[in-house]
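Q: Contents of upload.cif (mmCIF, C-alpha atoms) are below:
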```cif
data_upload
loop_
_atom_site.label_atom_id
_atom_site.label_comp_id
_atom_site.auth_asym_id
_atom_site.auth_seq_id
_atom_site.Cartn_x
_atom_site.Cartn_y
_atom_site.Cartn_z
CA MET Z 20 105.83 107.08 151.10
CA SER Z 21 103.55 104.19 150.23
CA ARG Z 22 101.65 104.10 146.96
CA GLY Z 23 97.99 104.97 147.00
CA PRO Z 24 95.33 102.58 145.66
CA ASN Z 25 94.96 104.52 142.40
CA THR Z 26 98.68 104.27 141.64
CA THR Z 27 98.67 100.56 142.35
CA MET Z 28 95.64 100.02 140.14
CA LYS Z 29 97.22 102.02 137.30
CA SER Z 30 100.45 100.01 137.57
CA ARG Z 31 98.53 96.75 137.41
CA PHE Z 32 96.52 97.96 134.43
CA LEU Z 33 99.62 99.08 132.53
CA SER Z 34 101.36 95.81 133.40
CA LEU Z 35 98.42 93.81 132.07
CA LEU Z 36 98.30 95.91 128.91
CA GLY Z 37 102.03 95.51 128.43
CA ASN Z 38 101.81 91.74 128.72
CA GLN Z 39 98.97 91.54 126.23
CA ARG Z 40 100.79 93.72 123.72
CA GLY Z 41 104.15 92.05 124.09
CA GLY Z 42 105.77 94.48 126.56
CA GLY Z 43 106.60 94.12 130.23
CA SER Z 44 107.57 90.97 132.07
CA SER Z 45 105.10 89.28 134.38
CA ARG Z 46 107.95 88.30 136.72
CA SER Z 47 108.95 90.54 139.61
CA PRO Z 48 112.64 89.89 140.39
CA SER Z 49 113.44 90.24 144.07
CA GLU Z 50 117.22 89.80 144.10
CA GLU Z 51 119.09 93.01 143.31
CA PHE Z 52 121.75 93.15 140.61
CA THR Z 53 124.82 95.30 141.13
CA LEU Z 54 126.84 96.50 138.13
CA THR Z 55 130.44 95.76 139.09
CA GLU Z 56 133.54 97.70 138.10
CA ASP Z 57 134.70 94.69 136.06
CA ILE Z 58 131.56 94.83 133.93
CA ILE Z 59 131.94 98.57 133.43
CA ARG Z 60 135.56 98.15 132.35
CA GLY Z 61 134.58 95.32 130.01
CA LEU Z 62 132.00 97.57 128.32
CA ASN Z 63 134.39 100.46 127.85
CA LYS Z 64 134.74 101.56 124.21
CA GLN Z 65 138.45 100.72 124.35
CA CYS Z 66 137.46 97.02 124.39
CA SER Z 67 136.50 95.18 121.22
CA ILE Z 68 132.88 95.29 120.09
CA GLN Z 69 132.63 91.48 120.14
CA SER Z 70 133.76 91.22 123.77
CA ARG Z 71 131.33 93.97 124.79
CA LEU Z 72 128.48 92.24 122.98
CA LYS Z 73 129.33 89.01 124.80
CA ILE Z 74 129.04 90.80 128.15
CA LEU Z 75 125.60 92.14 127.16
CA LYS Z 76 124.54 88.64 126.12
CA ASP Z 77 125.62 87.26 129.52
CA LEU Z 78 123.76 90.09 131.28
CA SER Z 79 120.59 89.41 129.30
CA GLU Z 80 120.40 85.98 130.92
CA GLN Z 81 120.19 87.61 134.38
CA ILE Z 82 117.71 90.34 133.48
CA GLY Z 83 114.59 88.36 134.35
CA GLU Z 84 116.05 86.90 137.54
CA LYS Z 85 117.39 90.00 139.30
CA ARG Z 86 116.22 93.55 139.89
CA PHE Z 87 118.61 96.11 138.43
CA GLU Z 88 119.39 99.33 140.26
CA LYS Z 89 118.32 102.49 138.43
CA ASN Z 90 121.91 103.64 138.11
CA SER Z 91 122.84 100.28 136.60
CA ILE Z 92 120.51 100.79 133.64
CA GLU Z 93 121.82 104.32 133.12
CA SER Z 94 125.45 103.16 133.26
CA LEU Z 95 124.82 100.37 130.76
CA TRP Z 96 123.12 102.81 128.39
CA PHE Z 97 125.95 105.34 128.38
CA GLU Z 98 128.71 102.74 128.09
CA VAL Z 99 127.39 101.47 124.75
CA GLN Z 100 126.50 104.80 123.13
CA ASP Z 101 129.33 104.47 120.61
CA ILE Z 102 127.99 101.09 119.47
CA LEU Z 103 124.44 102.43 119.14
CA LYS Z 104 125.61 105.34 116.97
CA THR Z 105 128.61 104.26 114.92
CA ALA Z 106 129.10 100.48 115.08
CA PRO Z 107 128.16 98.13 112.20
CA GLU Z 108 124.47 97.45 111.72
CA ASP Z 109 124.45 93.97 113.23
CA ALA Z 110 126.15 95.19 116.41
CA ARG Z 111 123.73 98.10 116.77
CA HIS Z 112 120.76 95.79 116.40
CA ARG Z 113 122.08 93.38 119.01
CA VAL Z 114 122.51 96.23 121.50
CA ILE Z 115 118.99 97.50 120.76
CA ASP Z 116 117.63 93.98 121.26
CA PHE Z 117 119.41 93.84 124.62
CA PHE Z 118 117.76 97.06 125.77
CA ILE Z 119 114.34 95.86 124.59
CA ILE Z 120 114.74 92.83 126.89
CA LEU Z 121 116.12 95.02 129.68
CA ILE Z 122 113.29 97.56 129.50
CA ASN Z 123 110.60 94.89 129.34
CA SER Z 124 112.00 93.16 132.41
CA GLN Z 125 113.11 96.22 134.43
CA TYR Z 126 110.40 98.69 133.44
CA GLU Z 127 109.80 100.07 136.93
CA GLN Z 128 113.49 100.85 137.34
CA LEU Z 129 113.81 103.10 134.27
CA GLY Z 130 112.91 106.43 135.83
CA THR Z 131 114.19 109.43 133.87
CA MET Z 132 116.12 107.11 131.53
CA ARG Z 133 112.88 106.81 129.56
CA ARG Z 134 113.32 110.30 128.16
CA GLU Z 135 117.00 109.67 127.38
CA VAL Z 136 116.09 106.57 125.38
CA PHE Z 137 113.35 108.45 123.54
CA GLN Z 138 115.78 111.19 122.53
CA TYR Z 139 118.01 108.50 121.02
CA LEU Z 140 115.05 107.14 119.06
CA LYS Z 141 114.33 110.60 117.66
CA SER Z 142 117.94 110.93 116.53
CA ARG Z 143 117.72 107.63 114.60
CA GLN Z 144 114.33 108.09 112.92
CA GLY Z 145 115.79 108.28 109.43
CA SER Z 146 118.30 105.46 109.83
CA GLU Z 147 118.34 101.81 108.78
CA ASP Z 148 117.72 100.95 112.46
CA LEU Z 149 114.21 102.38 112.37
CA VAL Z 150 112.32 99.06 112.59
CA GLU Z 151 114.43 97.95 115.57
CA CYS Z 152 114.07 101.39 117.15
CA PHE Z 153 110.31 101.16 116.84
CA GLN Z 154 110.39 97.85 118.74
CA LEU Z 155 112.39 99.70 121.41
CA LEU Z 156 109.72 102.42 121.49
CA LYS Z 157 107.02 99.77 121.99
CA ALA Z 158 108.93 98.41 124.99
CA LEU Z 159 109.60 101.93 126.32
CA THR Z 160 105.89 102.85 126.24
CA ARG Z 161 104.30 99.44 126.74
CA ASN Z 162 103.03 99.69 123.19
CA GLY Z 163 101.67 103.22 123.56
CA ALA Z 164 100.06 102.78 126.98
CA ASP Z 165 102.62 104.79 128.97
CA ILE Z 166 104.06 107.92 127.33
CA GLN Z 167 105.13 109.90 130.39
CA MET Z 168 108.08 112.29 129.98
CA PHE Z 169 107.62 112.61 126.20
CA ALA Z 170 103.83 112.62 125.83
CA GLU Z 171 103.71 115.71 123.62
CA GLU Z 172 106.48 114.52 121.30
CA VAL Z 173 105.68 110.91 120.56
CA GLY Z 174 102.78 111.68 118.19
CA GLY Z 175 104.97 113.83 115.98
CA TYR Z 176 107.66 111.16 116.02
CA ILE Z 177 105.17 108.53 114.81
CA LEU Z 178 104.01 110.85 112.04
CA ASP Z 179 107.60 111.38 110.89
CA VAL Z 180 108.53 107.68 110.77
CA LEU Z 181 105.24 106.33 109.43
CA PRO Z 182 106.06 106.66 105.67
CA ILE Z 183 109.37 104.81 106.17
CA MET Z 184 107.72 102.12 108.30
CA VAL Z 185 105.11 101.63 105.59
CA LYS Z 186 107.83 101.18 102.95
CA ARG Z 187 109.41 98.52 105.15
CA GLY Z 188 106.13 96.65 105.53
CA LYS Z 189 105.55 97.60 109.17
CA MET Z 190 102.32 99.57 108.90
CA LEU Z 191 100.49 97.08 111.14
CA ASP Z 192 102.93 97.70 114.00
CA VAL Z 193 102.36 101.46 113.81
CA LEU Z 194 98.57 101.13 113.61
CA ARG Z 195 98.41 98.86 116.66
CA PHE Z 196 100.67 101.24 118.57
CA MET Z 197 98.61 104.30 117.65
CA CYS Z 198 95.32 102.56 118.38
CA ASN Z 199 96.55 101.73 121.87
CA MET Z 200 98.02 105.18 122.41
CA THR Z 201 94.89 106.99 121.21
CA THR Z 202 92.63 104.83 123.37
CA ILE Z 203 94.63 105.41 126.57
CA ASN Z 204 96.34 108.78 125.97
CA ALA Z 205 93.90 110.62 123.70
CA THR Z 206 94.57 113.90 125.56
CA TYR Z 207 98.12 114.00 124.19
CA VAL Z 208 97.29 113.09 120.59
CA ASP Z 209 96.74 116.35 118.72
CA GLN Z 210 94.55 116.73 115.65
CA GLY Z 211 97.50 117.08 113.29
CA VAL Z 212 98.75 113.63 114.27
CA ILE Z 213 95.29 112.06 113.94
CA SER Z 214 94.83 113.69 110.54
CA GLY Z 215 98.25 112.49 109.35
CA ILE Z 216 97.70 108.89 110.48
CA ILE Z 217 94.26 108.79 108.85
CA ARG Z 218 95.71 110.19 105.61
CA CYS Z 219 98.37 107.48 105.61
CA CYS Z 220 95.71 104.84 106.26
CA CYS Z 221 93.85 105.99 103.16
CA VAL Z 222 96.95 106.23 100.96
CA TYR Z 223 98.98 103.20 101.99
CA SER Z 224 96.53 100.60 103.27
CA LYS Z 225 96.19 97.64 100.88
CA GLN Z 226 92.53 96.78 100.50
CA GLN Z 227 93.35 93.13 99.81
CA GLU Z 228 95.13 92.78 103.17
CA THR Z 229 92.27 92.01 105.57
CA GLU Z 230 94.40 92.42 108.70
CA GLU Z 231 95.66 95.80 107.53
CA VAL Z 232 92.15 97.02 106.72
CA GLU Z 233 90.92 95.76 110.09
CA ASN Z 234 93.58 97.70 111.99
CA CYS Z 235 93.02 100.86 109.92
CA ILE Z 236 89.33 100.71 110.82
CA LYS Z 237 90.20 100.05 114.49
CA TYR Z 238 92.41 103.13 114.53
CA ILE Z 239 89.68 105.26 112.96
CA GLU Z 240 87.23 103.90 115.55
CA SER Z 241 89.57 104.75 118.44
CA ALA Z 242 90.11 108.27 117.05
CA VAL Z 243 86.35 108.86 116.71
CA GLN Z 244 85.58 107.39 120.13
CA TYR Z 245 88.36 108.81 122.30
CA ALA Z 246 89.84 111.82 120.50
CA ILE Z 247 88.60 114.78 118.48
CA VAL Z 248 88.55 113.93 114.79
CA PRO Z 249 89.70 116.91 112.69
CA HIS Z 250 87.01 118.35 110.44
CA GLY Z 251 89.32 118.02 107.44
CA SER Z 252 89.75 114.27 107.97
CA ILE Z 253 86.07 113.38 107.55
CA HIS Z 254 86.35 113.14 103.75
CA ASN Z 255 89.33 110.75 103.96
CA ILE Z 256 87.69 108.61 106.64
CA LEU Z 257 84.43 108.22 104.74
CA LEU Z 258 86.17 107.51 101.45
CA TYR Z 259 88.29 104.85 103.14
CA LEU Z 260 85.26 103.20 104.79
CA CYS Z 261 83.32 103.17 101.51
CA THR Z 262 86.30 101.79 99.61
CA ALA Z 263 86.85 99.06 102.20
CA ARG Z 264 83.15 98.24 102.09
CA VAL Z 265 83.42 97.52 98.34
CA THR Z 266 85.88 94.65 98.89
CA ILE Z 267 84.30 93.12 102.00
CA ALA Z 268 81.41 90.65 102.11
CA VAL Z 269 78.29 91.76 103.96
CA THR Z 270 78.61 88.76 106.29
CA SER Z 271 82.21 89.58 107.25
CA PRO Z 272 82.86 90.86 110.81
CA LEU Z 273 84.67 93.79 109.17
CA SER Z 274 81.41 94.83 107.51
CA ALA Z 275 79.75 95.16 110.91
CA GLN Z 276 82.74 97.14 112.16
CA ILE Z 277 82.47 99.57 109.24
CA ASP Z 278 78.75 99.98 109.94
CA LYS Z 279 79.56 100.70 113.61
CA VAL Z 280 82.16 103.38 112.80
CA THR Z 281 79.81 105.02 110.29
CA LYS Z 282 77.08 105.21 112.93
CA MET Z 283 79.55 106.69 115.42
CA LEU Z 284 80.51 109.37 112.90
CA ILE Z 285 76.91 110.27 112.08
CA SER Z 286 76.05 110.53 115.78
CA CYS Z 287 79.10 112.65 116.74
CA SER Z 288 79.38 116.43 116.77
CA LEU Z 289 80.39 116.43 113.09
CA SER Z 290 77.21 114.68 111.94
CA ASN Z 291 76.25 117.49 109.56
CA THR Z 292 79.64 117.29 107.86
CA VAL Z 293 79.42 113.49 107.65
CA ILE Z 294 75.98 113.51 106.02
CA TYR Z 295 76.96 116.34 103.66
CA THR Z 296 80.15 114.51 102.59
CA LEU Z 297 78.35 111.22 101.94
CA CYS Z 298 75.71 113.03 99.91
CA SER Z 299 78.41 114.84 97.93
CA PHE Z 300 79.81 111.42 96.95
CA LEU Z 301 76.39 110.54 95.52
CA GLU Z 302 75.76 113.81 93.71
CA ALA Z 303 79.09 114.39 91.98
CA PRO Z 304 79.26 113.84 88.18
CA PRO Z 305 79.99 110.21 87.26
CA ARG Z 306 83.60 109.07 87.04
CA THR Z 307 85.07 112.56 87.55
CA THR Z 308 87.29 111.13 90.32
CA TYR Z 309 87.68 107.78 92.00
CA ARG Z 310 85.28 108.71 94.78
CA GLN Z 311 82.41 108.92 92.28
CA ALA Z 312 82.88 105.35 91.05
CA PRO Z 313 79.56 103.48 91.16
CA GLU Z 314 81.00 100.99 93.65
CA ILE Z 315 81.69 103.81 96.10
CA GLN Z 316 78.22 105.27 95.62
CA ARG Z 317 76.68 101.87 96.20
CA SER Z 318 78.63 101.65 99.48
CA VAL Z 319 77.41 105.11 100.49
CA ILE Z 320 73.77 104.11 99.98
CA TYR Z 321 74.31 100.91 101.95
CA LEU Z 322 76.04 102.69 104.86
CA LEU Z 323 73.43 105.46 105.00
CA SER Z 324 70.59 102.95 105.11
CA LYS Z 325 72.30 100.91 107.84
CA ALA Z 326 72.88 104.03 109.94
CA LEU Z 327 69.57 105.83 109.38
CA TRP Z 328 66.96 103.25 108.40
CA ASN Z 329 68.06 99.99 110.02
CA LYS Z 330 66.35 98.48 113.09
CA SER Z 331 69.46 99.31 115.10
CA ARG Z 332 69.72 102.79 113.59
CA ILE Z 333 71.16 105.61 115.64
CA SER Z 334 69.14 108.40 117.24
CA VAL Z 335 69.77 111.46 115.09
CA ASP Z 336 67.84 114.40 113.77
CA LYS Z 337 64.78 112.87 112.07
CA HIS Z 338 65.34 115.14 109.07
CA TYR Z 339 68.53 113.21 108.21
CA CYS Z 340 66.45 110.18 107.25
CA SER Z 341 64.73 112.11 104.48
CA ALA Z 342 67.52 114.61 103.70
CA VAL Z 343 69.60 111.92 101.97
CA LEU Z 344 66.83 110.93 99.54
CA PRO Z 345 67.46 113.69 96.94
CA SER Z 346 71.13 112.64 96.76
CA ILE Z 347 70.15 109.00 96.30
CA TYR Z 348 67.80 110.10 93.52
CA LYS Z 349 70.68 111.85 91.73
CA ALA Z 350 72.83 108.73 92.08
CA VAL Z 351 70.07 106.54 90.62
CA LYS Z 352 69.75 108.84 87.60
CA LYS Z 353 73.31 107.93 86.59
CA GLU Z 354 71.87 104.56 85.51
CA ASP Z 355 74.32 102.20 87.16
CA GLU Z 356 72.77 98.79 87.75
CA GLY Z 357 74.57 98.17 91.07
CA VAL Z 358 73.47 101.52 92.49
CA VAL Z 359 69.88 100.90 91.38
CA MET Z 360 69.76 97.43 92.98
CA GLU Z 361 71.20 98.74 96.24
CA THR Z 362 68.67 101.56 96.25
CA ILE Z 363 65.76 99.16 95.69
CA GLU Z 364 66.83 96.97 98.61
CA CYS Z 365 67.29 99.94 100.94
CA LEU Z 366 63.98 101.57 100.00
CA LYS Z 367 62.12 98.28 100.49
CA TYR Z 368 63.47 98.11 104.03
CA TYR Z 369 62.80 101.80 104.71
CA ILE Z 370 59.20 101.63 103.57
CA ARG Z 371 58.46 98.29 105.24
CA HIS Z 372 59.77 99.31 108.67
CA HIS Z 373 59.29 103.09 108.75
CA GLY Z 374 56.44 103.72 106.32
CA ASP Z 375 54.15 105.00 109.07
CA VAL Z 376 56.51 107.90 109.94
CA ILE Z 377 57.64 108.90 106.44
CA GLN Z 378 56.51 112.46 105.67
CA GLN Z 379 54.72 113.51 102.50
CA ILE Z 380 57.72 115.34 101.05
CA SER Z 381 59.82 112.19 101.50
CA TRP Z 382 57.14 110.07 99.79
CA ASP Z 383 57.30 112.41 96.80
CA ILE Z 384 61.04 111.85 96.45
CA ILE Z 385 60.70 108.08 96.95
CA LEU Z 386 58.09 107.98 94.18
CA ASP Z 387 60.42 109.99 91.92
CA ILE Z 388 63.18 107.44 92.59
CA LEU Z 389 60.85 104.51 91.82
CA ARG Z 390 59.62 106.17 88.61
CA GLU Z 391 63.22 106.69 87.51
CA ILE Z 392 64.02 103.03 88.19
CA VAL Z 393 60.95 101.89 86.21
CA ARG Z 394 61.95 104.20 83.35
CA GLN Z 395 65.46 102.69 83.27
CA GLN Z 396 64.06 99.15 83.29
CA LYS Z 397 61.75 99.95 80.35
CA LYS Z 398 64.64 101.54 78.49
CA SER Z 399 66.81 98.47 79.13
CA LYS Z 400 64.09 96.10 77.85
CA LEU Z 401 63.55 98.25 74.77
CA GLN Z 402 67.27 98.26 73.99
CA ALA Z 403 67.40 94.50 74.49
CA GLY Z 404 64.44 94.04 72.12
CA ASN Z 405 66.02 96.24 69.45
CA ALA Z 406 69.38 94.54 69.62
CA PRO Z 407 70.28 92.74 66.35
CA GLN Z 408 69.69 89.00 66.50
CA ARG Z 409 72.59 86.71 65.64
CA ALA Z 410 72.00 84.23 62.87
CA PRO Z 411 71.83 80.58 64.08
#
```
Just dump the structure as structure tokens.

A:
Amino acid sequence: MSRGPNTTMKSRFLSLLGNQRGGGSSRSPSEEFTLTEDIIRGLNKQCSIQSRLKILKDLSEQIGEKRFEKNSIESLWFEVQDILKTAPEDARHRVIDFFIILINSQYEQLGTMRREVFQYLKSRQGSEDLVECFQLLKALTRNGADIQMFAEEVGGYILDVLPIMVKRGKMLDVLRFMCNMTTINATYVDQGVISGIIRCCCVYSKQQETEEVENCIKYIESAVQYAIVPHGSIHNILLYLCTARVTIAVTSPLSAQIDKVTKMLISCSLSNTVIYTLCSFLEAPPRTTYRQAPEIQRSVIYLLSKALWNKSRISVDKHYCSAVLPSIYKAVKKEDEGVVMETIECLKYYIRHHGDVIQQISWDIILDILREIVRQQKKSKLQAGNAPQRAP
């Protein structure tokens, strides 16, 4: 039976995605490769590991030139099981590297072997081979684009191996994989997996590593855009965005990306929760936890103003624009200079561009905020005037 146009288009799309992400070969070998009895005998576990590895090395040179039969891949896999499970580390890694090359070049020939390989990966998730196994998973799924035959299991697997991958400095690999998988296969990514990945982003991501922060934000964006973000993850997401915003310059592309994700959150079905959480950051007693640090509160005010008061603001319930003012007032009363300066800048913009639609009750709160700022400035000048003068 010939393939329909949709199947062909999907294959081309997956092939393109695989090439961009480092999986899948662009070549299409036409000559068929037959696994001979001599090769099978040479790979038998009765032969030395070194001679078997040499055979695999010789085969790897033919992988891109010939098309393997489906049974050939299966036979190769089962002949080296003892090496994959019990051989010294270097030998195991060389066999895994061979299968990464094989899968990338012979992807269409895998068939049901894909599930067999995935089961092996699950059995090795706590081993020293984990980093190499994750590279094998990337090849097996074209970096998260194709998860057929184990779609409902791969998310849990990622969640299990993520802490170990982070310890080994491979968080970026996992984030890129999950971003791709969530974008293309959001249906199979359950809320527990999304929540776990987001929690790890918040705990393990190093704020000084720009590339790591960028990929964390990209993952959050893909989860918000294509999946259903768990209600319980909103706090972690917003805290992460505000924390990242503290360390990033306003002119940085990452700043615009954070603004974009914040707007997406406020305009999604959880908008009430998002606004409430941001306001709770502003209203909490000073320094009771890290989230109440003035730097975080300054970020909250900035993000709220960009989402609700900016020229490119989102279309939301008009009451949101004024509902955040009482929380900003409470933040200003904590007398932090950075929070006050951010509030002044945001209110200037709000009044200049939206003064004609601001309601009376909102004006009352704005005036209260301005009076509080003036009071703090007078207090600061008075304290400066009363400070003891140093003798010349």

Q: Just give me the gap between atom CA of Z:Glu80 and atom CA of Z:Gly61 in Å, one decimal is fine.

A: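 Pair atom CA of Z:Glu80 / atom CA of Z:Gly61 returns 17.0 Å.
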
Q: Grab the atom CA of Z:Glu171 to atom CA of Z:Leu258 distance for me, in Å with one decimal place.

A: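 Computing it gives 29.4 Å between the two atoms.
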
Q: Using Å and a single decimal, report how far atom CA of Z:Lys64 sits from atom CA of Z:Arg113.

A: 15.9 Å

Q: Considering all atoms listed in the file, return as an MDAnalysis selection string whatever protein or nucleic-acid residues lie within 7 Å of Z:Lys282, sequence-local ones (same chain, fewer than 3 positions apart) excluded.

A: chainID Z and resid 278:279 285:286 326 333

Q: Report the closest atom pair, with its distance in Å rounded to one decimal, for each residue of stretch 149-248 of chain Z that has an atom no farther than 9 Å from stretch 116-124 of chain Z; count all atoms listed in the file, sort by chain and then rising residue number, and write it as JSON lines.

A:
```
{"residue": "Z:Glu151", "atom": "CA", "partner": "Z:Asp116", "partner_atom": "CA", "distance": 7.6}
{"residue": "Z:Gln154", "atom": "CA", "partner": "Z:Ile119", "partner_atom": "CA", "distance": 7.3}
{"residue": "Z:Leu155", "atom": "CA", "partner": "Z:Ile119", "partner_atom": "CA", "distance": 5.4}
{"residue": "Z:Leu156", "atom": "CA", "partner": "Z:Ile119", "partner_atom": "CA", "distance": 8.6}
{"residue": "Z:Lys157", "atom": "CA", "partner": "Z:Ile119", "partner_atom": "CA", "distance": 8.7}
{"residue": "Z:Ala158", "atom": "CA", "partner": "Z:Asn123", "partner_atom": "CA", "distance": 5.8}
{"residue": "Z:Leu159", "atom": "CA", "partner": "Z:Ile122", "partner_atom": "CA", "distance": 6.5}
{"residue": "Z:Arg161", "atom": "CA", "partner": "Z:Asn123", "partner_atom": "CA", "distance": 8.2}
```

Q: Let me make sure I understand: among Z:Asn90, Z:Gln138, Z:Thr53, Z:Asn199, which one has the smallest atom-to-atom distance to Z:Leu78 if we use all atoms listed in the file?

A: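 Nearest to Z:Leu78: Z:Thr53.
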
Q: On this file, the PyMOL selection byres ((chain Z and resi 172) around 12) gives some set of residues; write that set as a list of chain:residue names.

A: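 Given this file, the PyMOL selection byres ((chain Z and resi 172) around 12) evaluates to Z:Arg134, Z:Phe137, Z:Gln138, Z:Leu140, Z:Lys141, Z:Ile166, Z:Gln167, Z:Met168, Z:Phe169, Z:Ala170, Z:Glu171, Z:Val173, Z:Gly174, Z:Gly175, Z:Tyr176, Z:Ile177, Z:Leu178, Z:Asp179, Z:Tyr207, Z:Val208, Z:Asp209, Z:Val212.
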
Q: Limited to C-alpha atoms, could you put the picked residues into a file as a compact mmCIF listing (two decimals), in the coordinates of the input?

A:
```
# COMPACT_ATOMS: atom_id res chain seq x y z
CA ARG Z 134 113.32 110.30 128.16
CA PHE Z 137 113.35 108.45 123.54
CA GLN Z 138 115.78 111.19 122.53
CA LEU Z 140 115.05 107.14 119.06
CA LYS Z 141 114.33 110.60 117.66
CA ILE Z 166 104.06 107.92 127.33
CA GLN Z 167 105.13 109.90 130.39
CA MET Z 168 108.08 112.29 129.98
CA PHE Z 169 107.62 112.61 126.20
CA ALA Z 170 103.83 112.62 125.83
CA GLU Z 171 103.71 115.71 123.62
CA VAL Z 173 105.68 110.91 120.56
CA GLY Z 174 102.78 111.68 118.19
CA GLY Z 175 104.97 113.83 115.98
CA TYR Z 176 107.66 111.16 116.02
CA ILE Z 177 105.17 108.53 114.81
CA LEU Z 178 104.01 110.85 112.04
CA ASP Z 179 107.60 111.38 110.89
CA TYR Z 207 98.12 114.00 124.19
CA VAL Z 208 97.29 113.09 120.59
CA ASP Z 209 96.74 116.35 118.72
CA VAL Z 212 98.75 113.63 114.27
```

Q: Place a sphere of radius 12 Å on (97.7, 106.2, 108.7) in the file coordinates and name every protein, DNA or RNA residue with an atom inside or on its surface, counting all atoms listed in the file; give the answer as a ChimeraX atom specification.

A: /Z:177-182,184-185,189-198,211-225,231-232,234-239,242,252,255-256,259

Q: Residues picked by the PyMOL selection byres ((chain Z and resi 250) around 12) here, as a PyMOL selection string?

A: chain Z and resi 210-211+213-214+243+247-249+251-257+284+287-293+296

Q: Which of these, Z:Gly83, Z:Cys298, Z:Ser346, Z:Arg264, has the shortest distance to Z:Tyr321 once you count all atoms listed in the file?

A: Z:Arg264

Q: Evaluate the PyMOL selection byres ((chain Z and resi 358) around 12) here and jot the selected residues down as an MDAnalysis selection string.

A: chainID Z and resid 301 311:321 347:357 359:365 388 392

Q: Hey, can you spit out that residue selection with C-alpha atoms as a PDB file, in the coordinates of the input?

A:
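What follows is the written file out37.pdb:
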```
ATOM      1  CA  LEU Z 301      76.390 110.540  95.520  1.00  0.00           C
ATOM      2  CA  GLN Z 311      82.410 108.920  92.280  1.00  0.00           C
ATOM      3  CA  ALA Z 312      82.880 105.350  91.050  1.00  0.00           C
ATOM      4  CA  PRO Z 313      79.560 103.480  91.160  1.00  0.00           C
ATOM      5  CA  GLU Z 314      81.000 100.990  93.650  1.00  0.00           C
ATOM      6  CA  ILE Z 315      81.690 103.810  96.100  1.00  0.00           C
ATOM      7  CA  GLN Z 316      78.220 105.270  95.620  1.00  0.00           C
ATOM      8  CA  ARG Z 317      76.680 101.870  96.200  1.00  0.00           C
ATOM      9  CA  SER Z 318      78.630 101.650  99.480  1.00  0.00           C
ATOM     10  CA  VAL Z 319      77.410 105.110 100.490  1.00  0.00           C
ATOM     11  CA  ILE Z 320      73.770 104.110  99.980  1.00  0.00           C
ATOM     12  CA  TYR Z 321      74.310 100.910 101.950  1.00  0.00           C
ATOM     13  CA  ILE Z 347      70.150 109.000  96.300  1.00  0.00           C
ATOM     14  CA  TYR Z 348      67.800 110.100  93.520  1.00  0.00           C
ATOM     15  CA  LYS Z 349      70.680 111.850  91.730  1.00  0.00           C
ATOM     16  CA  ALA Z 350      72.830 108.730  92.080  1.00  0.00           C
ATOM     17  CA  VAL Z 351      70.070 106.540  90.620  1.00  0.00           C
ATOM     18  CA  LYS Z 352      69.750 108.840  87.600  1.00  0.00           C
ATOM     19  CA  LYS Z 353      73.310 107.930  86.590  1.00  0.00           C
ATOM     20  CA  GLU Z 354      71.870 104.560  85.510  1.00  0.00           C
ATOM     21  CA  ASP Z 355      74.320 102.200  87.160  1.00  0.00           C
ATOM     22  CA  GLU Z 356      72.770  98.790  87.750  1.00  0.00           C
ATOM     23  CA  GLY Z 357      74.570  98.170  91.070  1.00  0.00           C
ATOM     24  CA  VAL Z 359      69.880 100.900  91.380  1.00  0.00           C
ATOM     25  CA  MET Z 360      69.760  97.430  92.980  1.00  0.00           C
ATOM     26  CA  GLU Z 361      71.200  98.740  96.240  1.00  0.00           C
ATOM     27  CA  THR Z 362      68.670 101.560  96.250  1.00  0.00           C
ATOM     28  CA  ILE Z 363      65.760  99.160  95.690  1.00  0.00           C
ATOM     29  CA  GLU Z 364      66.830  96.970  98.610  1.00  0.00           C
ATOM     30  CA  CYS Z 365      67.290  99.940 100.940  1.00  0.00           C
ATOM     31  CA  ILE Z 388      63.180 107.440  92.590  1.00  0.00           C
ATOM     32  CA  ILE Z 392      64.020 103.030  88.190  1.00  0.00           C
TER      33      ILE Z 392
END
```

Q: Go through Z:Leu401, Z:Ile370, Z:Ile267, Z:Val280 and flag the residue nearest Z:Leu386, using all atoms listed in the file for the distances.

A: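 Of all the options, Z:Ile370 lies closest to Z:Leu386.
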
Q: With distances taken over all atoms listed in the file, which of Z:Ile59, Z:Ala303, Z:Ala106, Z:Ile92 is nearest to Z:Glu127?

A: Z:Ile92

Q: Just want the 9 Å neighbourhood of Z:Val114, counted on all atoms listed in the file, with same-chain residues fewer than 4 positions away dropped. Output as a PDB file with C-alpha atoms, in the coordinates of the input.

A:
```pdb
ATOM      1  CA  LEU Z  72     128.480  92.240 122.980  1.00  0.00           C
ATOM      2  CA  LEU Z  75     125.600  92.140 127.160  1.00  0.00           C
ATOM      3  CA  VAL Z  99     127.390 101.470 124.750  1.00  0.00           C
ATOM      4  CA  ILE Z 102     127.990 101.090 119.470  1.00  0.00           C
ATOM      5  CA  LEU Z 103     124.440 102.430 119.140  1.00  0.00           C
ATOM      6  CA  ASP Z 109     124.450  93.970 113.230  1.00  0.00           C
ATOM      7  CA  ALA Z 110     126.150  95.190 116.410  1.00  0.00           C
ATOM      8  CA  PHE Z 118     117.760  97.060 125.770  1.00  0.00           C
ATOM      9  CA  ILE Z 119     114.340  95.860 124.590  1.00  0.00           C
TER      10      ILE Z 119
END
```

Q: Between Z:Lys367, Z:Lys76, Z:Lys89, Z:Lys400, which one has atoms that come closest to Z:Ile115, using all atoms listed in the file?

A: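 Closest to Z:Ile115, using all atoms listed in the file: Z:Lys76.
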